[in-house]
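So this one's run29.txt, compact mmCIF, C-alpha atoms:
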# COMPACT_ATOMS: atom_id res chain seq x y z
CA MET A 28 -9.51 21.36 7.94
CA LEU A 29 -12.35 23.78 8.34
CA PHE A 30 -14.65 23.46 5.44
CA SER A 31 -16.08 19.95 5.33
CA PRO A 32 -16.22 17.06 7.83
CA LEU A 33 -16.81 14.64 4.91
CA VAL A 34 -13.60 15.80 3.18
CA ASP A 35 -11.70 15.67 6.50
CA GLU A 36 -12.83 12.08 7.07
CA LEU A 37 -11.90 11.10 3.49
CA VAL A 38 -8.38 12.55 3.87
CA GLU A 39 -7.93 10.85 7.23
CA SER A 40 -9.15 7.47 5.89
CA LEU A 41 -6.89 7.59 2.81
CA ARG A 42 -3.91 7.58 5.16
CA CYS A 43 -4.51 3.89 5.88
CA LEU A 44 -3.01 3.19 2.43
CA PRO A 45 0.72 2.30 2.53
CA GLY A 46 3.03 5.19 1.63
CA VAL A 47 0.25 7.80 1.83
CA GLY A 48 0.83 10.72 4.22
CA GLN A 49 -1.18 13.85 4.91
CA LYS A 50 -0.23 15.78 1.75
CA THR A 51 -0.71 12.82 -0.61
CA ALA A 52 -4.05 11.98 1.04
CA GLN A 53 -5.18 15.59 0.48
CA ARG A 54 -4.10 15.46 -3.15
CA MET A 55 -5.95 12.17 -3.66
CA ALA A 56 -9.13 13.43 -1.98
CA PHE A 57 -9.18 16.67 -3.99
CA HIS A 58 -8.46 14.78 -7.22
CA LEU A 59 -11.37 12.39 -6.62
CA LEU A 60 -13.73 15.23 -5.69
CA GLU A 61 -12.73 17.44 -8.63
CA LYS A 62 -12.28 14.99 -11.48
CA GLY A 63 -12.95 11.43 -10.40
CA ARG A 64 -16.31 11.06 -8.63
CA SER A 65 -17.32 7.98 -10.64
CA GLY A 66 -13.92 6.39 -9.97
CA GLY A 67 -14.30 7.21 -6.28
CA GLU A 68 -17.73 5.57 -6.13
CA ARG A 69 -16.39 2.49 -7.91
CA LEU A 70 -13.48 2.35 -5.43
CA ALA A 71 -15.90 2.63 -2.48
CA ASP A 72 -17.91 -0.35 -3.77
CA ALA A 73 -14.78 -2.39 -4.57
CA LEU A 74 -13.35 -1.75 -1.10
CA ALA A 75 -16.58 -2.65 0.69
CA GLY A 76 -16.88 -5.84 -1.39
CA ALA A 77 -13.27 -6.93 -0.94
CA MET A 78 -12.99 -6.14 2.78
CA THR A 79 -15.98 -8.32 3.62
CA GLY A 80 -15.83 -10.89 0.79
CA VAL A 81 -12.16 -11.84 0.42
CA ARG A 82 -11.06 -14.77 2.60
CA ARG A 83 -8.07 -17.14 2.58
CA CYS A 84 -8.10 -20.27 0.41
CA GLU A 85 -8.33 -23.38 2.62
CA THR A 86 -5.72 -25.20 0.53
CA CYS A 87 -3.06 -22.62 -0.35
CA GLN A 88 -3.83 -19.68 2.02
CA ASN A 89 -3.95 -17.22 -0.90
CA PHE A 90 -6.70 -14.57 -1.10
CA SER A 91 -9.90 -15.97 -2.55
CA ASP A 92 -13.60 -15.18 -2.90
CA THR A 93 -14.50 -18.84 -2.37
CA PRO A 94 -13.42 -21.46 0.22
CA THR A 95 -10.98 -22.89 -2.36
CA CYS A 96 -9.31 -20.50 -4.80
CA GLY A 97 -9.44 -20.72 -8.60
CA LEU A 98 -5.84 -21.91 -8.89
CA CYS A 99 -6.38 -24.79 -6.45
CA GLN A 100 -9.58 -25.80 -8.29
CA ASP A 101 -7.91 -25.73 -11.73
CA PRO A 102 -7.71 -29.40 -12.93
CA GLU A 103 -4.85 -28.55 -15.32
CA ARG A 104 -2.54 -27.67 -12.44
CA ASN A 105 -0.06 -30.28 -11.22
CA THR A 106 -0.94 -30.66 -7.52
CA GLY A 107 2.09 -32.92 -6.95
CA LEU A 108 4.30 -29.85 -7.38
CA VAL A 109 3.92 -27.10 -4.74
CA CYS A 110 5.68 -23.74 -4.88
CA VAL A 111 5.96 -22.02 -1.47
CA VAL A 112 5.98 -18.19 -1.65
CA GLU A 113 5.87 -15.47 0.99
CA SER A 114 3.12 -13.28 -0.47
CA PRO A 115 0.39 -13.05 -3.12
CA SER A 116 2.53 -10.59 -5.09
CA ASP A 117 5.29 -13.24 -5.37
CA LEU A 118 2.67 -15.68 -6.69
CA LEU A 119 1.52 -13.07 -9.21
CA ALA A 120 5.08 -12.51 -10.46
CA ILE A 121 5.51 -16.26 -11.04
CA GLU A 122 2.12 -16.50 -12.77
CA GLN A 123 2.98 -13.56 -14.99
CA ALA A 124 6.23 -15.29 -16.01
CA GLY A 125 3.80 -17.92 -17.33
CA ASP A 126 5.98 -21.03 -17.29
CA TYR A 127 5.06 -22.69 -13.97
CA ARG A 128 2.03 -25.05 -14.05
CA GLY A 129 2.14 -26.51 -10.52
CA SER A 130 0.22 -25.33 -7.45
CA TYR A 131 1.14 -22.90 -4.68
CA PHE A 132 1.27 -22.35 -0.96
CA VAL A 133 1.26 -18.72 0.24
CA LEU A 134 2.84 -18.24 3.68
CA MET A 135 1.65 -14.59 4.00
CA GLY A 136 4.92 -13.76 5.74
CA HIS A 137 8.11 -15.40 6.93
CA LEU A 138 9.43 -16.71 10.24
CA SER A 139 10.51 -13.82 12.42
CA PRO A 140 10.96 -14.74 16.11
CA ILE A 141 11.79 -11.12 16.99
CA ASP A 142 8.28 -10.08 15.83
CA GLY A 143 6.68 -13.12 17.42
CA VAL A 144 5.94 -14.82 14.08
CA GLY A 145 6.29 -18.59 14.51
CA PRO A 146 5.55 -21.58 12.22
CA ALA A 147 1.86 -21.71 13.20
CA ASP A 148 1.34 -18.05 12.26
CA ILE A 149 2.39 -18.57 8.64
CA GLY A 150 0.53 -21.87 8.22
CA ILE A 151 3.52 -24.25 8.06
CA ASP A 152 1.46 -26.94 9.82
CA LEU A 153 -1.20 -26.68 7.12
CA LEU A 154 1.53 -26.98 4.47
CA LEU A 155 3.07 -30.08 6.11
CA LYS A 156 -0.39 -31.68 6.44
CA ARG A 157 -0.97 -31.06 2.74
CA VAL A 158 2.41 -32.56 1.81
CA ARG A 159 1.67 -35.66 3.87
CA GLN A 160 -1.91 -36.21 2.77
CA GLU A 161 -1.93 -35.23 -0.89
CA GLY A 162 1.07 -37.06 -2.28
CA VAL A 163 3.18 -33.98 -3.02
CA SER A 164 6.33 -35.10 -4.85
CA GLU A 165 8.27 -31.82 -5.01
CA LEU A 166 8.23 -28.71 -2.84
CA ILE A 167 9.83 -25.62 -4.44
CA LEU A 168 10.84 -23.19 -1.70
CA ALA A 169 10.52 -19.79 -3.40
CA THR A 170 10.75 -17.61 -0.29
CA ASN A 171 12.72 -14.37 -0.73
CA PRO A 172 16.56 -14.53 -0.81
CA THR A 173 16.70 -12.58 2.48
CA VAL A 174 17.85 -13.74 5.92
CA GLU A 175 14.23 -14.38 7.03
CA GLY A 176 13.27 -16.01 3.74
CA GLU A 177 16.28 -18.37 3.87
CA ALA A 178 15.56 -19.23 7.50
CA THR A 179 11.93 -20.01 6.66
CA ALA A 180 13.02 -22.22 3.75
CA HIS A 181 15.52 -24.11 5.94
CA TYR A 182 12.93 -24.58 8.68
CA ILE A 183 10.44 -26.15 6.22
CA ALA A 184 13.19 -28.34 4.71
CA ASP A 185 14.20 -29.55 8.20
CA ARG A 186 10.61 -30.50 9.05
CA LEU A 187 10.47 -32.62 5.85
CA ALA A 188 13.93 -34.18 6.19
CA ASP A 189 12.49 -37.59 7.13
CA PRO A 190 10.54 -39.62 4.55
CA VAL A 191 6.83 -38.72 4.46
CA GLY A 192 4.47 -41.73 4.29
CA GLY A 193 7.33 -43.99 3.27
CA ARG A 194 8.66 -41.75 0.46
CA GLN A 195 11.09 -38.84 0.33
CA VAL A 196 9.69 -35.47 -0.84
CA LEU A 197 12.07 -33.64 -3.19
CA ILE A 198 12.79 -30.17 -1.80
CA THR A 199 14.22 -27.55 -4.16
CA ARG A 200 15.15 -23.88 -4.02
CA LEU A 201 15.10 -21.36 -6.91
CA ALA A 202 18.47 -20.93 -8.66
CA HIS A 203 20.65 -17.90 -7.93
CA GLY A 204 22.42 -16.29 -10.88
CA ILE A 205 22.66 -13.17 -12.98
CA PRO A 206 19.28 -11.65 -13.94
CA VAL A 207 18.36 -11.86 -17.63
CA GLY A 208 19.15 -8.53 -19.29
CA GLY A 209 21.36 -7.40 -16.39
CA GLU A 210 24.83 -5.94 -16.77
CA LEU A 211 27.60 -8.11 -15.38
CA GLY A 212 29.48 -5.09 -13.98
CA TYR A 213 26.60 -4.29 -11.63
CA VAL A 214 26.01 -7.81 -10.30
CA ASP A 215 27.17 -8.37 -6.69
CA GLY A 216 29.88 -10.86 -5.76
CA PHE A 217 27.65 -13.45 -4.04
CA THR A 218 25.35 -13.63 -7.06
CA LEU A 219 28.33 -13.95 -9.44
CA THR A 220 29.79 -16.77 -7.31
CA HIS A 221 26.43 -18.58 -7.47
CA ALA A 222 26.28 -17.98 -11.23
CA PHE A 223 29.78 -19.47 -11.71
CA ARG A 224 29.02 -22.52 -9.56
CA GLY A 225 25.74 -23.12 -11.39
CA ARG A 226 27.19 -22.71 -14.89
CA LYS A 227 25.89 -25.00 -17.63
CA PRO A 228 27.14 -26.35 -20.97
CA LEU A 229 26.04 -24.01 -23.80
CA ALA A 230 24.23 -26.80 -25.62
CA GLU A 231 21.74 -27.43 -22.80
CA MET B 12 -5.01 -12.01 -11.89
CA LEU B 13 -6.42 -15.44 -11.46
CA PHE B 14 -7.36 -15.96 -7.89
CA SER B 15 -10.10 -13.50 -6.96
CA PRO B 16 -12.43 -11.23 -8.97
CA LEU B 17 -12.96 -9.10 -5.84
CA VAL B 18 -9.20 -8.50 -5.50
CA ASP B 19 -8.90 -7.80 -9.24
CA GLU B 20 -11.66 -5.21 -9.05
CA LEU B 21 -10.07 -3.60 -5.96
CA VAL B 22 -6.68 -3.30 -7.70
CA GLU B 23 -8.30 -1.88 -10.84
CA SER B 24 -10.35 0.66 -8.84
CA LEU B 25 -7.34 1.85 -6.81
CA ARG B 26 -5.77 3.01 -10.07
CA CYS B 27 -8.21 5.94 -10.18
CA LEU B 28 -6.07 7.55 -7.44
CA PRO B 29 -3.49 10.02 -8.79
CA GLY B 30 0.04 8.61 -9.07
CA VAL B 31 -1.09 5.01 -8.48
CA GLY B 32 -0.13 2.49 -11.17
CA GLN B 33 -0.59 -1.29 -11.38
CA LYS B 34 2.20 -2.25 -8.95
CA THR B 35 1.28 0.36 -6.32
CA ALA B 36 -2.40 -0.58 -6.58
CA GLN B 37 -1.48 -4.24 -5.98
CA ARG B 38 0.65 -3.30 -2.98
CA MET B 39 -2.17 -1.18 -1.54
CA ALA B 40 -4.80 -3.90 -2.08
CA PHE B 41 -2.63 -6.61 -0.49
CA HIS B 42 -1.75 -4.32 2.42
CA LEU B 43 -5.43 -3.59 3.12
CA LEU B 44 -6.39 -7.27 2.85
CA GLU B 45 -3.50 -8.49 5.01
CA LYS B 46 -3.23 -5.87 7.69
CA GLY B 47 -5.79 -3.12 7.27
CA ARG B 48 -9.32 -4.48 6.89
CA SER B 49 -10.83 -2.04 9.39
CA GLY B 50 -9.02 0.86 7.69
CA GLY B 51 -10.30 -0.37 4.34
CA GLU B 52 -13.88 -0.49 5.57
CA ARG B 53 -13.55 3.00 7.02
CA LEU B 54 -12.15 4.23 3.69
CA ALA B 55 -15.05 2.60 1.79
CA ASP B 56 -17.58 4.45 3.98
CA ALA B 57 -15.67 7.75 3.79
CA LEU B 58 -15.46 7.52 -0.02
CA ALA B 59 -19.13 6.68 -0.43
CA GLY B 60 -20.09 9.55 1.89
CA ALA B 61 -17.80 12.12 0.28
CA MET B 62 -18.53 11.22 -3.36
CA THR B 63 -22.28 11.71 -2.89
CA GLY B 64 -22.31 14.30 -0.08
CA VAL B 65 -19.64 16.86 -0.97
CA ARG B 66 -20.86 19.74 -3.13
CA ARG B 67 -19.52 23.20 -4.00
CA CYS B 68 -20.21 26.17 -1.69
CA GLU B 69 -22.63 28.59 -3.39
CA THR B 70 -20.61 31.60 -2.24
CA CYS B 71 -16.93 30.64 -2.60
CA GLN B 72 -17.05 27.45 -4.77
CA ASN B 73 -14.96 25.50 -2.23
CA PHE B 74 -15.90 21.91 -1.28
CA SER B 75 -18.64 21.83 1.33
CA ASP B 76 -21.15 19.45 2.93
CA THR B 77 -23.75 22.23 3.09
CA PRO B 78 -25.00 24.79 0.50
CA THR B 79 -22.77 27.42 2.15
CA CYS B 80 -19.44 26.32 3.62
CA GLY B 81 -18.29 26.81 7.21
CA LEU B 82 -15.81 29.54 6.27
CA CYS B 83 -18.44 31.60 4.46
CA GLN B 84 -20.87 31.21 7.40
CA ASP B 85 -18.26 32.25 9.99
CA PRO B 86 -19.37 35.68 11.34
CA GLU B 87 -15.80 36.47 12.47
CA ARG B 88 -14.53 36.50 8.90
CA ASN B 89 -14.19 39.83 7.11
CA THR B 90 -16.38 39.41 4.01
CA GLY B 91 -15.16 42.73 2.61
CA LEU B 92 -11.79 41.07 1.95
CA VAL B 93 -11.79 38.23 -0.61
CA CYS B 94 -8.76 36.08 -1.41
CA VAL B 95 -8.95 34.36 -4.82
CA VAL B 96 -7.11 31.01 -5.00
CA GLU B 97 -6.88 28.29 -7.65
CA SER B 98 -7.57 25.24 -5.51
CA PRO B 99 -8.74 24.03 -2.07
CA SER B 100 -5.15 23.03 -1.22
CA ASP B 101 -4.04 26.66 -1.73
CA LEU B 102 -6.82 27.73 0.65
CA LEU B 103 -5.65 25.14 3.17
CA ALA B 104 -2.06 26.40 2.99
CA ILE B 105 -3.25 29.96 3.71
CA GLU B 106 -5.50 28.77 6.56
CA GLN B 107 -2.64 26.78 8.07
CA ALA B 108 -0.45 29.90 8.00
CA GLY B 109 -3.15 31.24 10.33
CA ASP B 110 -2.83 34.99 9.78
CA TYR B 111 -5.54 35.71 7.19
CA ARG B 112 -9.05 36.41 8.53
CA GLY B 113 -10.90 37.44 5.35
CA SER B 114 -13.00 35.23 3.08
CA TYR B 115 -12.11 33.23 -0.05
CA PHE B 116 -13.09 32.44 -3.59
CA VAL B 117 -11.84 29.13 -5.02
CA LEU B 118 -11.56 29.10 -8.83
CA MET B 119 -10.96 25.29 -9.00
CA GLY B 120 -8.53 25.88 -11.86
CA HIS B 121 -7.14 28.69 -14.00
CA LEU B 122 -7.84 30.16 -17.43
CA SER B 123 -6.40 27.87 -20.08
CA PRO B 124 -7.75 28.54 -23.60
CA ILE B 125 -5.71 25.63 -25.04
CA ASP B 126 -7.68 23.22 -22.78
CA GLY B 127 -10.96 25.04 -23.44
CA VAL B 128 -11.16 26.49 -19.91
CA GLY B 129 -12.77 29.94 -20.11
CA PRO B 130 -13.91 32.46 -17.45
CA ALA B 131 -17.34 30.81 -17.04
CA ASP B 132 -15.73 27.39 -16.28
CA ILE B 133 -13.84 28.70 -13.25
CA GLY B 134 -16.73 30.82 -11.92
CA ILE B 135 -15.33 34.29 -12.62
CA ASP B 136 -18.87 35.57 -13.31
CA LEU B 137 -19.93 34.36 -9.85
CA LEU B 138 -16.91 36.14 -8.34
CA LEU B 139 -17.68 39.42 -10.16
CA LYS B 140 -21.34 39.22 -9.09
CA ARG B 141 -20.23 38.75 -5.48
CA VAL B 142 -17.82 41.72 -5.70
CA ARG B 143 -20.60 43.93 -7.10
CA GLN B 144 -23.36 42.86 -4.73
CA GLU B 145 -21.63 42.35 -1.41
CA GLY B 146 -19.55 45.48 -1.02
CA VAL B 147 -16.15 43.81 -1.34
CA SER B 148 -13.46 46.42 -0.68
CA GLU B 149 -10.31 44.41 -1.52
CA LEU B 150 -9.69 41.44 -3.78
CA ILE B 151 -6.40 39.61 -3.14
CA LEU B 152 -5.43 37.66 -6.28
CA ALA B 153 -3.53 34.66 -4.86
CA THR B 154 -3.43 32.55 -8.03
CA ASN B 155 -0.18 30.65 -8.59
CA PRO B 156 2.89 32.55 -9.88
CA THR B 157 2.74 30.60 -13.18
CA VAL B 158 1.92 31.80 -16.68
CA GLU B 159 -1.71 30.60 -16.37
CA GLY B 160 -2.08 31.90 -12.82
CA GLU B 161 -0.76 35.36 -13.79
CA ALA B 162 -3.03 35.44 -16.87
CA THR B 163 -6.04 34.55 -14.71
CA ALA B 164 -5.15 37.27 -12.20
CA HIS B 165 -4.76 39.88 -14.96
CA TYR B 166 -8.07 38.85 -16.55
CA ILE B 167 -9.93 39.33 -13.24
CA ALA B 168 -8.16 42.66 -12.62
CA ASP B 169 -9.13 43.87 -16.12
CA ARG B 170 -12.78 42.99 -15.57
CA LEU B 171 -12.76 45.08 -12.37
CA ALA B 172 -10.77 48.02 -13.79
CA ASP B 173 -13.84 50.29 -13.84
CA PRO B 174 -15.45 51.44 -10.57
CA VAL B 175 -18.01 48.95 -9.24
CA GLY B 176 -21.25 50.51 -7.98
CA GLY B 177 -19.63 53.97 -7.84
CA ARG B 178 -16.49 52.88 -5.90
CA GLN B 179 -13.14 51.41 -6.89
CA VAL B 180 -12.34 47.91 -5.59
CA LEU B 181 -8.73 47.59 -4.42
CA ILE B 182 -7.04 44.72 -6.26
CA THR B 183 -3.82 43.32 -4.82
CA ARG B 184 -1.42 40.46 -5.60
CA LEU B 185 0.73 38.51 -3.09
CA ALA B 186 4.29 39.85 -2.72
CA HIS B 187 7.21 38.10 -4.43
CA GLY B 188 10.43 37.78 -2.44
CA ILE B 189 12.85 35.35 -0.85
CA PRO B 190 11.14 32.54 1.11
CA VAL B 191 11.60 32.64 4.90
CA GLY B 192 14.40 30.25 5.86
CA GLY B 193 15.68 30.01 2.27
CA GLU B 194 19.32 30.35 1.26
CA LEU B 195 20.07 33.38 -0.85
CA GLY B 196 22.47 31.45 -3.10
CA TYR B 197 19.67 29.18 -4.30
CA VAL B 198 17.08 31.90 -5.03
CA ASP B 199 16.47 32.57 -8.75
CA GLY B 200 17.18 35.94 -10.37
CA PHE B 201 13.57 37.00 -10.94
CA THR B 202 12.70 36.41 -7.29
CA LEU B 203 15.83 38.30 -6.14
CA THR B 204 14.93 41.22 -8.39
CA HIS B 205 11.43 41.31 -6.87
CA ALA B 206 12.94 41.06 -3.38
CA PHE B 207 15.24 44.04 -4.06
CA ARG B 208 12.46 46.17 -5.51
CA GLY B 209 10.18 45.36 -2.58
CA ARG B 210 12.83 45.99 0.11
CA LYS B 211 11.65 47.67 3.31
CA PRO B 212 13.24 49.73 6.10
CA LEU B 213 14.47 47.44 8.89
CA ALA B 214 12.36 49.24 11.51
CA GLU B 215 9.03 48.34 9.84
Before anything else, please render the file you have as structure tokens.
Amino acid sequence: MLFSPLVDELVESLRCLPGVGQKTAQRMAFHLLEKGRSGGERLADALAGAMTGVRRCETCQNFSDTPTCGLCQDPERNTGLVCVVESPSDLLAIEQAGDYRGSYFVLMGHLSPIDGVGPADIGIDLLLKRVRQEGVSELILATNPTVEGEATAHYIADRLADPVGGRQVLITRLAHGIPVGGELGYVDGFTLTHAFRGRKPLAE
Amino acid sequence: MLFSPLVDELVESLRCLPGVGQKTAQRMAFHLLEKGRSGGERLADALAGAMTGVRRCETCQNFSDTPTCGLCQDPERNTGLVCVVESPSDLLAIEQAGDYRGSYFVLMGHLSPIDGVGPADIGIDLLLKRVRQEGVSELILATNPTVEGEATAHYIADRLADPVGGRQVLITRLAHGIPVGGELGYVDGFTLTHAFRGRKPLAE
């Protein structure tokens, strides 16, 4: 661009956002400059604050402003029940469903030897330490139903196969089945097979 | 969200970007926090700089860091030729084509009585003053080929219908025709009609 180094730098910086290329970055920059200066200033402050202030919770690895996050500090949460998810957005989806009242552990990824991601990189040692020390009774493995997510779940289950501190930790996995509100005709065969095997009496 | 006010504020602020809703804002925030902290800090600085530092050029109304923009200061540009565009992205497209060496005037919009946008709001008075005072010989009306763009072009042409300072300013409009590299079968009838009427001898 020719007319303004400040605008050039803004367009270039916006490209660090996922899914934003040159044209979209231009459109965003011009929109902010034309109609959204106050929004742009607010975003600048929010970014500066979050990039320096957000750390990882020492207990669950989720993003947090404090050494221990709000969820881990909440006394109403059942700390004997730990749900293991791959990312903060998975945690958010479960929280928005509103039914789960246990605690979490956020892996921030999944095992992926081809990318050099091993158990230490996603904090599995921290998780196992927590299970051993804090009397966790059930571990819900809610990693994604993908090859990597299943492998990560199996790896964690294997590491906890032996009794921990003299007692066996219950390890569970989320149920597969047809999504609520879905149309049966569009559900894939594997999911339907799982749904048949997991069928329940109507009265339950 | 429950776990971090800083993350909440970041997600909320990202929604000021055009085309970014709740889910996309979440994805962007998590991406920056997980993998792009340095990019996020750079973006924060660029936003803060641009939101306070970018003004409008006093001559052509385009975005600029200085009272007069780089294009208007360029002595190699023909100031007797002024191309009128609706937005900075239109100007960029023309600059990237690389053939035009005149100067510009950026309306930052078009006439739209239904939205309360009149001639004063898009700087037409400033444009007319420039045409009268600076010996402009040709005004190229490159507003968009939409109803509003055509209306804006006709309004400007009407205001300059009488001779300015004893001489007639030449007023032109970009040619309609088939796009280079397009397929004839997909070109609409109006464009084809324009292309036929504007046909030229092969030798030219």
Could you give me, as a Markdown table, a per-residue list for chain B showing, wherever an atom lies at most 7 Å from an atom of chain A, the closest pair of atoms and their distance in Å to one decimal, using only C-alpha atoms and sorting by chain then residue number from low to high?
| residue | atom | partner | partner_atom | distance |
| --- | --- | --- | --- | --- |
| B:Leu13 | CA | A:Gly97 | CA | 6.7 |
| B:Phe14 | CA | A:Gly97 | CA | 5.2 |
| B:Ser15 | CA | A:Ser91 | CA | 5.1 |
| B:Leu17 | CA | A:Ala77 | CA | 5.4 |
| B:Val18 | CA | A:Ala77 | CA | 6.3 |
| B:Glu20 | CA | A:Ala73 | CA | 6.1 |
| B:Leu21 | CA | A:Ala73 | CA | 5.1 |
| B:Ser24 | CA | A:Leu70 | CA | 4.9 |
| B:Leu25 | CA | A:Leu70 | CA | 6.3 |
| B:Cys27 | CA | A:Gly66 | CA | 5.7 |
| B:Leu28 | CA | A:Met55 | CA | 6.0 |
| B:Pro29 | CA | A:Met55 | CA | 6.1 |
| B:Met39 | CA | A:Leu44 | CA | 6.0 |
| B:Leu44 | CA | A:Met78 | CA | 6.7 |
| B:Arg48 | CA | A:Met78 | CA | 5.8 |
| B:Gly50 | CA | A:Cys43 | CA | 5.7 |
| B:Gly51 | CA | A:Leu74 | CA | 6.4 |
| B:Glu52 | CA | A:Ala75 | CA | 6.0 |
| B:Arg53 | CA | A:Ser40 | CA | 6.4 |
| B:Leu54 | CA | A:Ser40 | CA | 4.9 |
| B:Ala55 | CA | A:Ala71 | CA | 4.4 |
| B:Asp56 | CA | A:Ala71 | CA | 6.9 |
| B:Ala57 | CA | A:Leu37 | CA | 5.1 |
| B:Leu58 | CA | A:Ala71 | CA | 5.5 |
| B:Ala59 | CA | A:Ala71 | CA | 5.6 |
| B:Gly60 | CA | A:Leu33 | CA | 6.8 |
| B:Ala61 | CA | A:Leu33 | CA | 5.4 |
| B:Met62 | CA | A:Arg64 | CA | 5.7 |
| B:Val65 | CA | A:Leu33 | CA | 6.9 |
| B:Phe74 | CA | A:Ser31 | CA | 6.9 |
| B:Ser75 | CA | A:Ser31 | CA | 5.1 |
| B:Asp76 | CA | A:Ser31 | CA | 5.6 |
| B:Cys80 | CA | A:Phe30 | CA | 5.9 |
| B:Gly81 | CA | A:Phe30 | CA | 5.3 |
| B:Leu82 | CA | A:Phe30 | CA | 6.2 |
Between atom CA of Ile141 of chain A and atom CA of Asp215 of chain A, what is the spacing in Å? 28.4 Å
Have a look at atom CA of Lys156 of chain A and atom CA of Gly125 of chain A and let me know their distance in Å, one decimal.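 One can read the atom CA of Lys156 of chain A to atom CA of Gly125 of chain A distance as 27.8 Å.
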Spatial neighbours of Tyr166 of chain B, 10 Å, all atoms listed in the file, chain gap at least 4 places, as a PyMOL selection string: chain B and resi 122+130+135+160-162+170-172
Taking 6 positions as the minimum chain separation for residues in the same chain, which residues sit within 12 Å of segment 101-108 of chain A when counting all atoms listed in the file? Answer as a ChimeraX atom specification. /A:86-87,95,126-132,157-168,196-199 /B:13-14
What gap, in Å, lies between atom CA of Pro206 of chain A and atom CA of Ala184 of chain A? 25.8 Å
Please enclose the listed atoms of segment 121-130 of chain B in an axis-aligned box, pad each side by 4 Å, and write out the centre and the three edge lengths in Å, rounded to one decimal, as lines of an AutoDock Vina configuration file.
center_x = -9.8
center_y = 27.8
center_z = -19.5
size_x = 16.2
size_y = 17.2
size_z = 19.0
Could you name the residues that touch Asp101 of chain B at 10 Å or less, counting all atoms listed in the file, but leaving out those on the same chain fewer than 4 positions away, as an NGL selection string? :B and (95-97 or 105-107 or 117 or 153-155)
Place all heavy atoms on segment 177-181 of chain B and deliver the coordinates as a short mmCIF file (atom, residue, chain, number, x, y, z; two decimals), in the coordinates of the input.
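File written: out_6.cif
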data_model
loop_
_atom_site.label_atom_id
_atom_site.label_comp_id
_atom_site.auth_asym_id
_atom_site.auth_seq_id
_atom_site.Cartn_x
_atom_site.Cartn_y
_atom_site.Cartn_z
N GLY B 177 -20.05 52.63 -8.25
CA GLY B 177 -19.63 53.97 -7.84
C GLY B 177 -18.35 54.00 -7.02
O GLY B 177 -17.86 55.06 -6.67
N ARG B 178 -17.74 52.84 -6.66
CA ARG B 178 -16.49 52.88 -5.90
C ARG B 178 -15.49 51.92 -6.53
O ARG B 178 -15.87 50.96 -7.20
CB ARG B 178 -16.75 52.53 -4.42
CG ARG B 178 -17.24 51.17 -4.26
CD ARG B 178 -17.92 50.83 -2.99
NE ARG B 178 -18.51 49.51 -3.24
CZ ARG B 178 -17.79 48.40 -3.29
NH1 ARG B 178 -16.51 48.40 -3.07
NH2 ARG B 178 -18.38 47.25 -3.57
N GLN B 179 -14.21 52.21 -6.30
CA GLN B 179 -13.14 51.41 -6.89
C GLN B 179 -12.76 50.28 -5.93
O GLN B 179 -12.49 50.52 -4.76
CB GLN B 179 -11.92 52.31 -7.15
CG GLN B 179 -10.82 51.65 -7.93
CD GLN B 179 -11.24 51.30 -9.36
OE1 GLN B 179 -11.78 52.13 -10.07
NE2 GLN B 179 -11.00 50.06 -9.76
N VAL B 180 -12.78 49.03 -6.42
CA VAL B 180 -12.34 47.91 -5.59
C VAL B 180 -10.81 47.85 -5.64
O VAL B 180 -10.22 47.92 -6.72
CB VAL B 180 -12.93 46.59 -6.11
CG1 VAL B 180 -12.42 45.41 -5.30
CG2 VAL B 180 -14.44 46.63 -6.11
N LEU B 181 -10.19 47.72 -4.46
CA LEU B 181 -8.73 47.59 -4.42
C LEU B 181 -8.35 46.17 -4.83
O LEU B 181 -8.88 45.20 -4.27
CB LEU B 181 -8.24 47.89 -2.99
CG LEU B 181 -6.72 47.77 -2.76
CD1 LEU B 181 -5.96 48.78 -3.59
CD2 LEU B 181 -6.42 47.94 -1.27
#
